[in-house]
>>> print(open('final-v8.cif').read())   # mmCIF, C-alpha atoms
data_structure
#
loop_
_atom_site.label_atom_id
_atom_site.label_comp_id
_atom_site.auth_asym_id
_atom_site.auth_seq_id
_atom_site.Cartn_x
_atom_site.Cartn_y
_atom_site.Cartn_z
CA MET H 224 66.65 83.73 -43.57
CA LYS H 225 67.27 86.76 -41.44
CA GLU H 226 64.63 89.35 -40.89
CA ARG H 227 65.52 92.80 -42.20
CA VAL H 228 63.65 96.04 -42.18
CA SER H 229 63.72 98.90 -44.62
CA LEU H 230 62.27 102.38 -44.45
CA VAL H 231 59.36 103.42 -46.62
CA VAL H 232 57.68 106.78 -46.95
CA ASP H 233 54.03 107.35 -47.81
CA ARG H 234 54.52 110.06 -50.42
CA ILE H 235 50.97 111.36 -50.15
CA ARG H 236 51.12 111.75 -46.36
CA CYS H 237 54.63 113.25 -46.34
CA ASP H 238 54.56 117.03 -45.85
CA GLY H 239 58.30 117.57 -46.03
CA ARG H 240 58.75 118.56 -42.38
CA GLY H 241 62.28 117.11 -42.53
CA VAL H 242 62.36 115.61 -39.02
CA CYS H 243 63.47 112.23 -40.41
CA ALA H 244 66.50 113.67 -42.19
CA GLU H 245 67.57 115.44 -38.99
CA LEU H 246 67.29 112.27 -36.93
CA LEU H 247 68.77 109.89 -39.49
CA PRO H 248 71.04 111.75 -41.92
CA GLU H 249 72.93 108.47 -42.47
CA LEU H 250 70.01 107.14 -44.51
CA ILE H 251 67.81 110.12 -45.33
CA ARG H 252 68.62 113.34 -47.16
CA LEU H 253 66.25 116.05 -48.33
CA ASP H 254 65.69 117.17 -51.90
CA ASP H 255 65.68 120.86 -52.89
CA TRP H 256 62.05 121.15 -51.79
CA GLY H 257 62.51 119.54 -48.39
CA TYR H 258 61.17 116.06 -49.12
CA PRO H 259 63.09 112.96 -48.00
CA ILE H 260 65.21 110.82 -50.31
CA LEU H 261 65.80 107.42 -48.72
CA THR H 262 68.88 105.28 -49.21
CA PRO H 263 67.54 102.03 -50.66
CA GLY H 264 68.10 98.68 -48.97
CA PRO H 265 67.74 97.32 -45.44
CA VAL H 266 68.51 99.45 -42.39
CA PRO H 267 71.92 98.46 -40.95
CA ASP H 268 71.68 96.98 -37.43
CA GLN H 269 73.59 99.83 -35.80
CA LEU H 270 71.05 102.35 -37.14
CA LEU H 271 67.88 100.45 -36.20
CA ALA H 272 67.27 102.39 -33.00
CA LEU H 273 67.65 105.73 -34.77
CA ALA H 274 65.44 104.56 -37.62
CA ARG H 275 62.71 103.58 -35.14
CA ARG H 276 63.00 106.97 -33.53
CA ALA H 277 62.63 108.68 -36.93
CA VAL H 278 59.53 106.61 -37.66
CA ASP H 279 57.99 107.37 -34.26
CA ASP H 280 58.75 111.09 -34.49
CA CYS H 281 57.38 111.73 -38.00
CA PRO H 282 54.72 114.36 -37.29
CA VAL H 283 52.41 113.13 -40.06
CA MET H 284 53.14 109.39 -39.65
CA ALA H 285 54.41 109.16 -43.23
CA LEU H 286 57.58 107.21 -42.43
CA ALA H 287 57.32 103.51 -41.70
CA MET H 288 59.49 100.44 -41.39
CA ARG H 289 58.63 97.46 -43.53
CA GLN H 290 59.89 93.96 -43.04
CA SER H 291 61.96 92.52 -45.79
CA TYR H 292 63.66 89.17 -45.85
CA ARG H 293 67.07 88.47 -47.21
CA ARG H 294 68.86 85.16 -47.59
CA GLN H 295 71.93 85.01 -45.37
CA MET U 185 38.92 89.25 -90.17
CA THR U 186 41.34 90.11 -87.40
CA ARG U 187 40.96 93.80 -86.94
CA LEU U 188 38.90 95.92 -84.60
CA LEU U 189 38.07 98.85 -86.83
CA ASP U 190 37.00 96.82 -89.86
CA SER U 191 35.00 94.23 -87.96
CA PRO U 192 31.19 94.50 -88.09
CA PRO U 193 29.70 96.76 -85.37
CA SER U 194 28.48 93.66 -83.56
CA LEU U 195 29.97 90.17 -83.69
CA GLY U 196 26.76 88.53 -82.48
CA ALA U 197 26.15 86.30 -79.47
CA LEU U 198 28.99 85.84 -77.02
CA PRO U 199 30.82 82.51 -77.03
CA HIS U 200 30.75 80.46 -73.84
CA VAL U 201 33.71 81.28 -71.59
CA THR U 202 34.97 79.71 -68.37
CA ALA U 203 37.87 80.42 -66.01
CA GLU U 204 40.03 78.56 -68.56
CA PHE U 205 39.69 81.56 -70.83
CA ILE U 206 42.50 83.28 -68.91
CA SER U 207 44.91 80.70 -70.37
CA VAL U 208 43.63 81.63 -73.82
CA ILE U 209 44.44 85.29 -73.13
CA ASP U 210 47.84 84.16 -71.91
CA ARG U 211 48.54 82.27 -75.13
CA ALA U 212 47.41 85.26 -77.19
CA ALA U 213 50.09 87.26 -75.28
CA LEU U 214 47.66 90.15 -74.89
CA VAL U 215 49.02 93.17 -73.02
CA GLY U 216 47.13 96.20 -71.72
CA ARG U 217 46.69 98.99 -74.28
CA GLY U 218 46.18 101.82 -71.78
CA GLY U 219 49.90 102.53 -71.74
CA ALA U 220 51.57 100.19 -69.26
CA ALA U 221 51.55 97.10 -71.56
CA PHE U 222 50.96 94.87 -68.51
CA PRO U 223 50.16 91.23 -69.37
CA THR U 224 46.36 90.98 -69.32
CA ALA U 225 46.26 87.33 -68.20
CA VAL U 226 48.31 88.12 -65.07
CA LYS U 227 45.91 90.91 -64.17
CA TRP U 228 42.82 88.73 -64.67
CA ARG U 229 44.31 85.81 -62.71
CA ALA U 230 45.03 88.07 -59.72
CA VAL U 231 41.40 89.23 -59.63
CA ALA U 232 39.95 85.77 -60.37
CA GLN U 233 41.86 84.22 -57.45
CA ARG U 234 40.40 86.72 -55.00
CA SER U 235 36.88 87.09 -56.39
CA ARG U 236 34.09 85.58 -54.28
CA GLY U 237 31.50 86.63 -56.79
CA ASN U 238 32.14 90.20 -55.68
CA ALA U 239 34.73 91.43 -58.21
CA VAL U 240 34.28 94.73 -60.04
CA VAL U 241 35.16 95.39 -63.68
CA VAL U 242 36.03 98.98 -64.60
CA VAL U 243 35.96 99.69 -68.34
CA ASN U 244 38.57 102.42 -68.71
CA GLY U 245 37.63 104.91 -71.41
CA ALA U 246 39.09 107.97 -69.66
CA GLU U 247 41.70 108.58 -72.39
CA GLY U 248 43.41 111.53 -70.72
CA GLU U 249 46.51 111.52 -72.95
CA PRO U 250 46.14 114.78 -74.90
CA LYS U 251 47.31 113.51 -78.29
CA SER U 252 45.62 110.10 -78.13
CA LEU U 253 42.37 109.58 -80.02
CA LYS U 254 42.22 105.81 -80.43
CA ASP U 255 40.09 104.94 -77.38
CA ARG U 256 37.50 107.57 -78.31
CA LEU U 257 37.35 106.35 -81.90
CA LEU U 258 36.91 102.77 -80.74
CA MET U 259 34.16 103.67 -78.23
CA THR U 260 32.37 105.74 -80.85
CA THR U 261 32.55 103.23 -83.69
CA ARG U 262 32.81 99.76 -82.03
CA PRO U 263 31.13 100.07 -78.59
CA HIS U 264 29.72 96.52 -78.77
CA LEU U 265 33.18 94.99 -78.97
CA ILE U 266 34.15 96.82 -75.78
CA LEU U 267 30.92 95.69 -74.05
CA ASP U 268 31.61 92.11 -75.25
CA GLY U 269 34.99 92.26 -73.53
CA ALA U 270 33.45 93.73 -70.38
CA VAL U 271 30.78 91.00 -70.17
CA ILE U 272 33.38 88.28 -70.76
CA ALA U 273 35.54 89.79 -68.00
CA ALA U 274 32.54 89.90 -65.66
CA ARG U 275 31.78 86.21 -66.33
CA VAL U 276 35.36 84.95 -66.05
CA LEU U 277 36.09 86.99 -62.93
CA ARG U 278 32.64 86.40 -61.37
CA ALA U 279 32.04 90.13 -61.07
CA HIS U 280 28.85 91.60 -59.66
CA ARG U 281 29.43 95.12 -60.97
CA VAL U 282 30.65 96.62 -64.23
CA ILE U 283 31.44 100.33 -64.39
CA LEU U 284 31.97 102.26 -67.61
CA TYR U 285 34.50 104.97 -66.68
CA LEU U 286 34.31 107.31 -69.66
CA GLY U 287 36.04 110.64 -70.24
CA GLU U 288 33.62 113.45 -69.32
CA ARG U 289 34.45 115.39 -72.48
CA HIS U 290 34.31 112.43 -74.87
CA ASP U 291 30.66 113.15 -75.73
CA ALA U 292 30.34 111.08 -78.92
CA ALA U 293 32.06 108.13 -77.27
CA ARG U 294 29.83 108.27 -74.21
CA ALA U 295 26.68 108.56 -76.32
CA ALA U 296 27.72 105.55 -78.43
CA MET U 297 28.53 103.45 -75.35
CA HIS U 298 25.18 104.39 -73.71
CA ASN U 299 23.30 103.56 -76.88
CA ALA U 300 25.08 100.22 -77.30
CA LEU U 301 24.32 99.33 -73.70
CA THR U 302 20.57 99.77 -74.24
CA GLN U 303 20.77 97.19 -77.06
CA ARG U 304 22.28 94.48 -74.85
CA SER U 305 20.35 91.71 -73.15
CA GLU U 306 23.03 89.84 -71.16
CA PRO U 307 22.30 89.69 -67.41
CA GLU U 308 25.71 91.30 -66.79
CA CYS U 309 24.52 94.41 -68.62
CA ARG U 310 21.94 94.96 -65.88
CA VAL U 311 24.75 95.57 -63.38
CA VAL U 312 26.48 98.15 -65.56
CA SER U 313 26.73 101.72 -64.31
CA VAL U 314 28.39 104.70 -65.98
CA ALA U 315 30.77 107.22 -64.41
CA ALA U 316 32.27 110.36 -65.99
CA ALA U 317 36.06 110.43 -65.73
CA PRO U 318 37.35 113.97 -65.04
CA ALA U 319 39.34 115.45 -67.93
CA ARG U 320 42.69 115.29 -66.17
CA TYR U 321 45.87 113.53 -67.22
CA VAL U 322 46.09 111.23 -64.20
CA ALA U 323 42.35 110.43 -64.03
CA GLY U 324 42.81 107.38 -66.25
CA ALA U 325 45.44 105.80 -63.99
CA GLU U 326 44.12 102.67 -62.30
CA GLY U 327 44.47 104.00 -58.74
CA ALA U 328 42.92 107.35 -59.66
CA ALA U 329 39.94 105.66 -61.33
CA ILE U 330 39.28 103.57 -58.22
CA HIS U 331 39.70 106.58 -55.93
CA PHE U 332 37.20 108.50 -58.05
CA LEU U 333 34.66 105.67 -57.99
CA ASN U 334 35.07 105.25 -54.21
CA ALA U 335 35.38 108.84 -53.07
CA GLY U 336 34.74 111.16 -56.03
CA VAL U 337 38.38 112.29 -56.26
CA ALA U 338 40.34 111.19 -59.34
CA THR U 339 43.79 111.26 -57.75
CA PRO U 340 46.11 108.29 -57.21
CA THR U 341 46.37 106.62 -53.80
CA THR U 342 49.24 104.93 -52.01
CA ILE U 343 49.98 101.39 -53.23
CA PRO U 344 49.59 98.76 -51.75
CA PRO U 345 46.74 97.88 -51.67
CA PHE U 346 46.62 96.97 -55.35
CA ALA U 347 43.38 97.13 -57.32
CA PHE U 348 43.18 93.34 -57.48
CA GLU U 349 43.30 93.22 -53.66
CA LYS U 350 41.16 96.17 -52.65
CA GLY U 351 39.65 98.26 -55.40
CA VAL U 352 36.15 99.66 -55.90
CA SER U 353 34.23 99.36 -52.59
CA GLY U 354 37.15 97.30 -51.27
CA ALA U 355 36.44 94.45 -53.72
CA PRO U 356 38.94 92.82 -56.10
CA THR U 357 38.85 95.07 -59.15
CA LEU U 358 39.93 94.84 -62.77
CA VAL U 359 40.57 98.19 -64.44
CA GLN U 360 41.02 97.57 -68.16
CA ASN U 361 41.50 99.87 -71.12
CA VAL U 362 38.73 99.82 -73.75
CA GLU U 363 41.00 98.67 -76.59
CA THR U 364 42.24 95.76 -74.49
CA LEU U 365 38.62 94.72 -73.80
CA ALA U 366 37.72 94.96 -77.48
CA ARG U 367 40.61 92.63 -78.28
CA ILE U 368 39.21 90.20 -75.69
CA ALA U 369 36.01 90.13 -77.78
CA LEU U 370 38.05 88.95 -80.77
CA ILE U 371 40.20 86.46 -78.83
CA ALA U 372 37.08 84.86 -77.32
CA ARG U 373 35.93 84.11 -80.86
CA GLY U 374 39.22 82.50 -81.82
CA MET U 375 40.55 85.49 -83.71
CA PRO U 376 44.14 86.62 -83.16
CA ALA U 377 45.00 89.88 -81.38
CA ASP U 378 47.63 90.83 -83.89
CA SER U 379 47.05 94.52 -84.48
CA VAL U 380 47.41 97.75 -82.54
CA LEU U 381 45.64 101.09 -82.60
CA VAL U 382 47.97 104.05 -82.87
CA THR U 383 47.43 107.80 -83.11
CA LEU U 384 49.71 109.64 -85.53
CA ALA U 385 50.13 113.30 -84.56
CA GLY U 386 52.16 116.35 -85.50
CA GLY U 387 54.10 116.56 -88.76
CA VAL U 388 52.35 113.91 -90.85
CA ALA U 389 50.14 114.58 -93.88
CA ARG U 390 47.06 112.82 -92.44
CA PRO U 391 47.12 112.75 -88.62
CA GLY U 392 44.67 110.41 -86.92
CA VAL U 393 44.06 106.86 -85.72
CA PHE U 394 45.38 103.86 -87.64
CA GLU U 395 45.06 100.16 -86.96
CA LEU U 396 48.20 98.34 -88.01
CA PRO U 397 49.45 94.77 -87.72
CA THR U 398 51.66 94.21 -84.67
CA GLY U 399 55.26 94.49 -85.79
CA THR U 400 54.60 97.14 -88.46
CA THR U 401 57.45 99.64 -88.23
CA ILE U 402 56.97 103.21 -87.11
CA GLY U 403 58.26 104.24 -90.53
CA GLU U 404 55.43 102.30 -92.19
CA ALA U 405 52.91 103.83 -89.78
CA VAL U 406 54.14 107.28 -90.79
CA ARG U 407 53.76 106.34 -94.48
CA ARG U 408 50.19 105.17 -93.79
CA ALA U 409 49.54 108.66 -92.40
CA GLY U 410 50.61 110.16 -95.71
CA GLY U 411 54.28 110.62 -94.84
CA MET U 412 56.03 113.67 -93.49
CA PRO U 413 55.73 116.87 -95.56
CA GLU U 414 58.80 118.25 -93.79
CA THR U 415 62.08 116.67 -92.65
CA PRO U 416 61.50 115.41 -89.10
CA ARG U 417 63.76 116.48 -86.23
CA ALA U 418 62.53 113.77 -83.80
CA ILE U 419 59.70 111.31 -83.13
CA LEU U 420 57.87 111.20 -79.81
CA VAL U 421 57.03 107.52 -79.26
CA GLY U 422 54.40 106.79 -76.59
CA GLY U 423 52.92 110.25 -76.09
CA TYR U 424 53.77 112.56 -73.19
CA PHE U 425 54.78 109.55 -71.09
CA GLY U 426 57.01 108.30 -73.88
CA SER U 427 60.42 109.29 -75.22
CA TRP U 428 61.83 111.46 -77.97
CA MET U 429 63.82 109.46 -80.47
CA ARG U 430 65.98 110.36 -83.44
CA PRO U 431 64.05 109.63 -86.65
CA GLU U 432 66.64 107.13 -87.88
CA GLU U 433 66.27 105.21 -84.59
CA ALA U 434 62.50 105.40 -84.41
CA MET U 435 61.56 104.54 -88.00
CA PRO U 436 62.74 100.89 -88.04
CA LEU U 437 61.13 100.10 -84.64
CA PRO U 438 58.26 97.59 -84.79
CA LEU U 439 54.95 98.54 -83.19
CA ASP U 440 55.03 96.17 -80.24
CA HIS U 441 56.51 96.05 -76.75
CA ARG U 442 59.98 96.74 -78.21
CA ALA U 443 58.88 100.23 -79.26
CA HIS U 444 57.63 101.14 -75.73
CA LEU U 445 54.53 102.27 -77.50
CA GLY U 446 52.67 103.28 -74.33
CA CYS U 447 49.24 104.58 -75.26
CA GLY U 448 50.13 104.37 -78.96
CA VAL U 449 50.79 108.02 -79.77
CA ILE U 450 53.47 108.65 -82.40
CA GLY U 451 54.23 112.37 -82.67
CA VAL U 452 56.39 113.77 -85.43
CA LEU U 453 58.34 116.95 -84.70
CA PRO U 454 59.22 118.79 -87.93
CA SER U 455 62.65 120.42 -88.23
CA SER U 456 61.12 123.89 -88.34
CA ARG U 457 59.80 123.56 -84.79
CA CYS U 458 62.01 124.35 -81.79
CA PRO U 459 62.52 121.12 -79.79
CA VAL U 460 63.39 123.02 -76.60
CA CYS U 461 60.21 125.11 -76.73
CA GLU U 462 58.18 121.98 -77.51
CA THR U 463 59.72 120.12 -74.57
CA ALA U 464 59.18 123.07 -72.23
CA GLY U 465 55.52 123.30 -73.25
CA ILE U 466 54.90 119.62 -72.55
CA MET U 467 56.77 119.83 -69.22
CA ARG U 468 54.57 122.78 -68.19
CA TYR U 469 51.52 120.71 -69.06
CA LEU U 470 52.75 117.67 -67.10
CA ALA U 471 53.61 119.87 -64.10
CA SER U 472 50.14 121.42 -64.17
CA GLU U 473 48.61 117.94 -64.29
CA SER U 474 50.33 116.79 -61.09
CA SER U 475 47.57 115.96 -58.64
CA ALA U 476 49.56 117.94 -56.03
CA GLN U 477 49.59 115.15 -53.48
CA CYS U 478 53.28 114.24 -53.37
CA GLY U 479 55.90 116.96 -52.80
CA PRO U 480 58.58 115.65 -55.18
CA CYS U 481 56.03 115.59 -58.03
CA PHE U 482 54.23 118.84 -57.29
CA PHE U 483 57.34 120.95 -56.58
CA GLY U 484 59.79 118.92 -58.66
CA LEU U 485 57.86 118.96 -61.93
CA ARG U 486 57.14 122.66 -61.54
CA ALA U 487 60.85 123.38 -60.99
CA LEU U 488 61.77 121.22 -64.00
CA ALA U 489 59.18 122.95 -66.20
CA ASP U 490 60.37 126.39 -65.06
CA ALA U 491 64.01 125.52 -65.81
CA CYS U 492 63.04 124.22 -69.28
CA THR U 493 61.09 127.40 -69.91
CA ARG U 494 64.03 129.59 -68.87
CA ILE U 495 66.27 127.73 -71.33
CA ALA U 496 63.61 128.01 -74.06
CA GLU U 497 63.24 131.73 -73.45
CA ALA U 498 67.00 132.30 -73.27
CA ALA U 499 66.62 133.50 -69.67
CA SER U 500 68.77 130.81 -68.08
CA ASP U 501 71.69 131.59 -65.78
CA GLY U 502 73.70 128.81 -67.46
CA HIS U 503 73.16 126.25 -64.70
CA ASP U 504 69.70 125.08 -65.68
CA ILE U 505 70.82 122.04 -67.69
CA ASN U 506 72.72 120.79 -64.63
CA ARG U 507 69.67 121.45 -62.48
CA LEU U 508 67.45 119.54 -64.90
CA GLN U 509 69.75 116.51 -64.73
CA ARG U 510 70.04 116.58 -60.93
CA TRP U 511 66.34 117.17 -60.30
CA ALA U 512 65.31 114.54 -62.84
CA ALA U 513 67.36 111.96 -60.93
CA ASP U 514 65.93 113.17 -57.59
CA VAL U 515 62.27 113.16 -58.64
CA ALA U 516 62.14 109.72 -60.33
CA GLY U 517 60.39 107.02 -58.34
CA ARG U 518 59.20 109.37 -55.59
CA GLY U 519 55.49 109.71 -56.20
CA ALA U 520 52.54 107.57 -55.16
CA CYS U 521 51.87 107.05 -58.88
CA LYS U 522 54.06 107.02 -61.99
CA HIS U 523 53.28 110.59 -63.06
CA PRO U 524 56.65 112.06 -62.00
CA ASP U 525 58.49 109.04 -63.45
CA GLY U 526 56.82 109.48 -66.83
CA ALA U 527 57.54 113.22 -66.90
CA VAL U 528 61.19 112.68 -65.98
CA LYS U 529 61.63 109.93 -68.57
CA PHE U 530 60.17 112.23 -71.22
CA LEU U 531 62.50 115.06 -70.14
CA SER U 532 65.59 112.84 -70.02
CA SER U 533 64.95 111.70 -73.58
CA ALA U 534 64.70 115.36 -74.64
CA LEU U 535 67.99 116.23 -72.93
CA GLU U 536 69.64 113.36 -74.79
CA VAL U 537 68.11 113.73 -78.27
CA PHE U 538 68.12 117.54 -78.22
CA ALA U 539 71.44 117.95 -76.35
CA THR U 540 72.77 120.32 -79.02
CA GLU U 541 69.65 122.48 -79.05
CA PHE U 542 69.52 122.68 -75.25
CA ALA U 543 73.22 123.65 -75.11
CA HIS U 544 73.08 126.23 -77.88
CA HIS U 545 69.57 127.47 -77.41
CA SER U 546 70.32 130.76 -75.71
CA HIS U 547 73.04 131.49 -78.27
CA ALA U 548 70.67 130.75 -81.16
CA MET U 549 67.96 132.88 -79.57
CA ARG U 550 70.35 135.80 -79.32
CA LEU U 551 71.19 135.46 -83.03
CA ILE U 552 67.50 135.49 -83.95
CA ALA U 553 66.94 138.58 -81.78
#
>>> encode(input="final-v8.cif", output="structure tokens")
Amino acid sequence: MKERVSLVVDRIRCDGRGVCAELLPELIRLDDWGYPILTPGPVPDQLLALARRAVDDCPVMALAMRQSYRRQ
Amino acid sequence: MTRLLDSPPSLGALPHVTAEFISVIDRAALVGRGGAAFPTAVKWRAVAQRSRGNAVVVVNGAEGEPKSLKDRLLMTTRPHLILDGAVIAARVLRAHRVILYLGERHDAARAAMHNALTQRSEPECRVVSVAAAPARYVAGAEGAAIHFLNAGVATPTTIPPFAFEKGVSGAPTLVQNVETLARIALIARGMPADSVLVTLAGGVARPGVFELPTGTTIGEAVRRAGGMPETPRAILVGGYFGSWMRPEEAMPLPLDHRAHLGCGVIGVLPSSRCPVCETAGIMRYLASESSAQCGPCFFGLRALADACTRIAEAASDGHDINRLQRWAADVAGRGACKHPDGAVKFLSSALEVFATEFAHHSHAMRLIA
């Protein structure tokens, strides 16, 4: 079992500032109203640092990383 | 006697129930009748496992679905069956509070429930309180009910925590539809739960609430409502959170989980009505009922409703059908509650069943003009 993390957004907190999509366009795009659409699944290892940065920089603390486990 | 609406107003003293009763519910294969059709035994077990004598039972009589009448009819005519179910739930789940969450505009139903409560002598009925559910579409959703009871705001909250983990006052909470609880009253007395309450609406001769054996076809339900005076164009199965279906597909469907019956509304759209206008009207309603907490729901449903309306009014630039398809895919699954998902599912069924009307609508409108 290897630990994986995936991104989750608290839809009620999210204000659509769009910072996450600027920092992590590989996994996050914005809809026509400026709210993030997340690529489902675990965050690839090479993007973990950027994903953490996106979580830390969300101005309303709506973006979070959640642990998920996947059989290797 | 196996039916709710033709049972006597009161079935007498409650039978003895223990925690084992959850297995009985399991064997009866009872599912929630508020719309989600979630297995009742699973819900009860989750609360029972966490209850330390502090669980809360919320009797959900909000009935916010505009075309549904069955919960109101049941509360008005058989309130004791619902209270039976609530008391049984309180005993099995070791609850210390029972809250009747009743639609603020359902006056007759609330009066009947109040009156029935004064006639009860069980100790559990001394811990019953009553709350008025706001007359909004989402107010009957489990999360919204709990939010209202905790903070006076009937809007959904972010999940987790689930109601069974942290509901009213942070306690494990069961939120259960009134029809489901009334069926518990029958199951506890060894009677089968083999019927459903449905509301027939729109183009039928005698619209209203009917109780039919599980597995009755939609076609038979329509016949019970006096049939259709006019050729139907489509059937809306499951109310505004349901799907449009072609009559030939809907009629043979049995009234059970296979029909995705939702809250039990079966709406008949006669051929003389414009399906695009009808769809646009319902989308405008669903957009206006967004609790405006999540961007994709608040902005997305409004954009979808506006695009539908432009098509209906022949004011579209020709790209609106593409927009509807793209936005519907974008909005699904992106709210704290299922409101946007339900609206998008409803719309997608309209785009499929009424594809011809949507495509030719502006042309037809020009001919009429």
>>> closest_residue(input="final-v8.cif", among="U:Ser252, U:Thr357, U:Thr400, U:Ser533", to="Arg281 of chain U", atoms="all atoms listed in the file")
U:Thr357
>>> closest_residue(input="final-v8.cif", among="H:Cys243, H:Cys237, H:Ile251, H:Leu261", to="Val278 of chain H", atoms="all atoms listed in the file")
H:Cys243
>>> resolve_selection(input="final-v8.cif", expression="the PyMOL selection byres ((chain H) within 9 of (chain U))", output="list in words")
Asp233, Arg234, Ile235, Arg236, Cys237, Asp238, Gly239, Asp254, Asp255, Trp256, Gly257, Tyr258, Pro259 and Ile260 of chain H
>>> residues_around(input="final-v8.cif", residues="Arg289 of chain H", least_positions_apart="6", cutoff="7 Å", atoms="only C-alpha atoms", output="list in words")
Val228, Ser229, Leu230 and Val231 of chain H
>>> atom_distance(input="final-v8.cif", atom1="atom CA of Ser235 of chain U", atom2="atom CA of Ala355 of chain U")
7.8 Å
>>> atom_distance(input="final-v8.cif", atom1="atom CA of Ser353 of chain U", atom2="atom CA of Val322 of chain U")
20.4 Å
>>> residues_around(input="final-v8.cif", residues="Pro265 of chain H", least_positions_apart="2", cutoff="9 Å", atoms="only C-alpha atoms", output="list of chain:residue names")
H:Arg227, H:Val228, H:Ser229, H:Leu230, H:Thr262, H:Pro263, H:Pro267, H:Asp268, H:Gln290, H:Ser291
>>> atom_distance(input="final-v8.cif", atom1="atom CA of Leu286 of chain U", atom2="atom CA of Arg486 of chain U")
28.7 Å
>>> resolve_selection(input="final-v8.cif", expression="the PyMOL selection byres ((chain U and resi 397) around 8)", output="list in words")
Asp378, Ser379, Val380, Glu395, Leu396, Thr398, Gly399 and Thr400 of chain U
>>> resolve_selection(input="final-v8.cif", expression="the PyMOL selection byres ((chain U and resi 334-339) around 10)", output="PyMOL selection string")
chain U and resi 317-333+340-341+351-354+474-477+520-521
>>> write_last_selection(input="final-v8.cif", atoms="C-alpha atoms", output="short mmCIF file (atom, residue, chain, number, x, y, z; two decimals), in the coordinates of the input")
data_model
loop_
_atom_site.label_atom_id
_atom_site.label_comp_id
_atom_site.auth_asym_id
_atom_site.auth_seq_id
_atom_site.Cartn_x
_atom_site.Cartn_y
_atom_site.Cartn_z
CA ALA U 317 36.06 110.43 -65.73
CA PRO U 318 37.35 113.97 -65.04
CA ALA U 319 39.34 115.45 -67.93
CA ARG U 320 42.69 115.29 -66.17
CA TYR U 321 45.87 113.53 -67.22
CA VAL U 322 46.09 111.23 -64.20
CA ALA U 323 42.35 110.43 -64.03
CA GLY U 324 42.81 107.38 -66.25
CA ALA U 325 45.44 105.80 -63.99
CA GLU U 326 44.12 102.67 -62.30
CA GLY U 327 44.47 104.00 -58.74
CA ALA U 328 42.92 107.35 -59.66
CA ALA U 329 39.94 105.66 -61.33
CA ILE U 330 39.28 103.57 -58.22
CA HIS U 331 39.70 106.58 -55.93
CA PHE U 332 37.20 108.50 -58.05
CA LEU U 333 34.66 105.67 -57.99
CA PRO U 340 46.11 108.29 -57.21
CA THR U 341 46.37 106.62 -53.80
CA GLY U 351 39.65 98.26 -55.40
CA VAL U 352 36.15 99.66 -55.90
CA SER U 353 34.23 99.36 -52.59
CA GLY U 354 37.15 97.30 -51.27
CA SER U 474 50.33 116.79 -61.09
CA SER U 475 47.57 115.96 -58.64
CA ALA U 476 49.56 117.94 -56.03
CA GLN U 477 49.59 115.15 -53.48
CA ALA U 520 52.54 107.57 -55.16
CA CYS U 521 51.87 107.05 -58.88
#
>>> residues_around(input="final-v8.cif", residues="Arg294 of chain U", least_positions_apart="3", cutoff="10 Å", atoms="all atoms listed in the file", output="PyMOL selection string")
chain U and resi 245+256+259-260+263+284-291+297-300+314-316
>>> residues_around(input="final-v8.cif", residues="Lys227 of chain U", least_positions_apart="3", cutoff="10 Å", atoms="only C-alpha atoms", output="tab-separated table (two decimals) with C-alpha atoms, keeping the file's coordinate frame")
chain	number	residue	atom	x	y	z
U	206	ILE	CA	42.50	83.28	-68.91
U	215	VAL	CA	49.02	93.17	-73.02
U	216	GLY	CA	47.13	96.20	-71.72
U	222	PHE	CA	50.96	94.87	-68.51
U	223	PRO	CA	50.16	91.23	-69.37
U	224	THR	CA	46.36	90.98	-69.32
U	230	ALA	CA	45.03	88.07	-59.72
U	231	VAL	CA	41.40	89.23	-59.63
U	232	ALA	CA	39.95	85.77	-60.37
U	347	ALA	CA	43.38	97.13	-57.32
U	348	PHE	CA	43.18	93.34	-57.48
U	357	THR	CA	38.85	95.07	-59.15
U	358	LEU	CA	39.93	94.84	-62.77
U	359	VAL	CA	40.57	98.19	-64.44
U	360	GLN	CA	41.02	97.57	-68.16
>>> residues_around(input="final-v8.cif", residues="Asp504 of chain U", least_positions_apart="4", cutoff="8 Å", atoms="only C-alpha atoms", output="list in words")
Ala491, Cys492, Arg494, Ile495, Ser500 and Leu508 of chain U
>>> write_last_selection(input="final-v8.cif", atoms="C-alpha atoms", output="CSV table (one decimal), in the coordinates of the input")
chain,number,residue,atom,x,y,z
U,491,ALA,CA,64.0,125.5,-65.8
U,492,CYS,CA,63.0,124.2,-69.3
U,494,ARG,CA,64.0,129.6,-68.9
U,495,ILE,CA,66.3,127.7,-71.3
U,500,SER,CA,68.8,130.8,-68.1
U,508,LEU,CA,67.4,119.5,-64.9
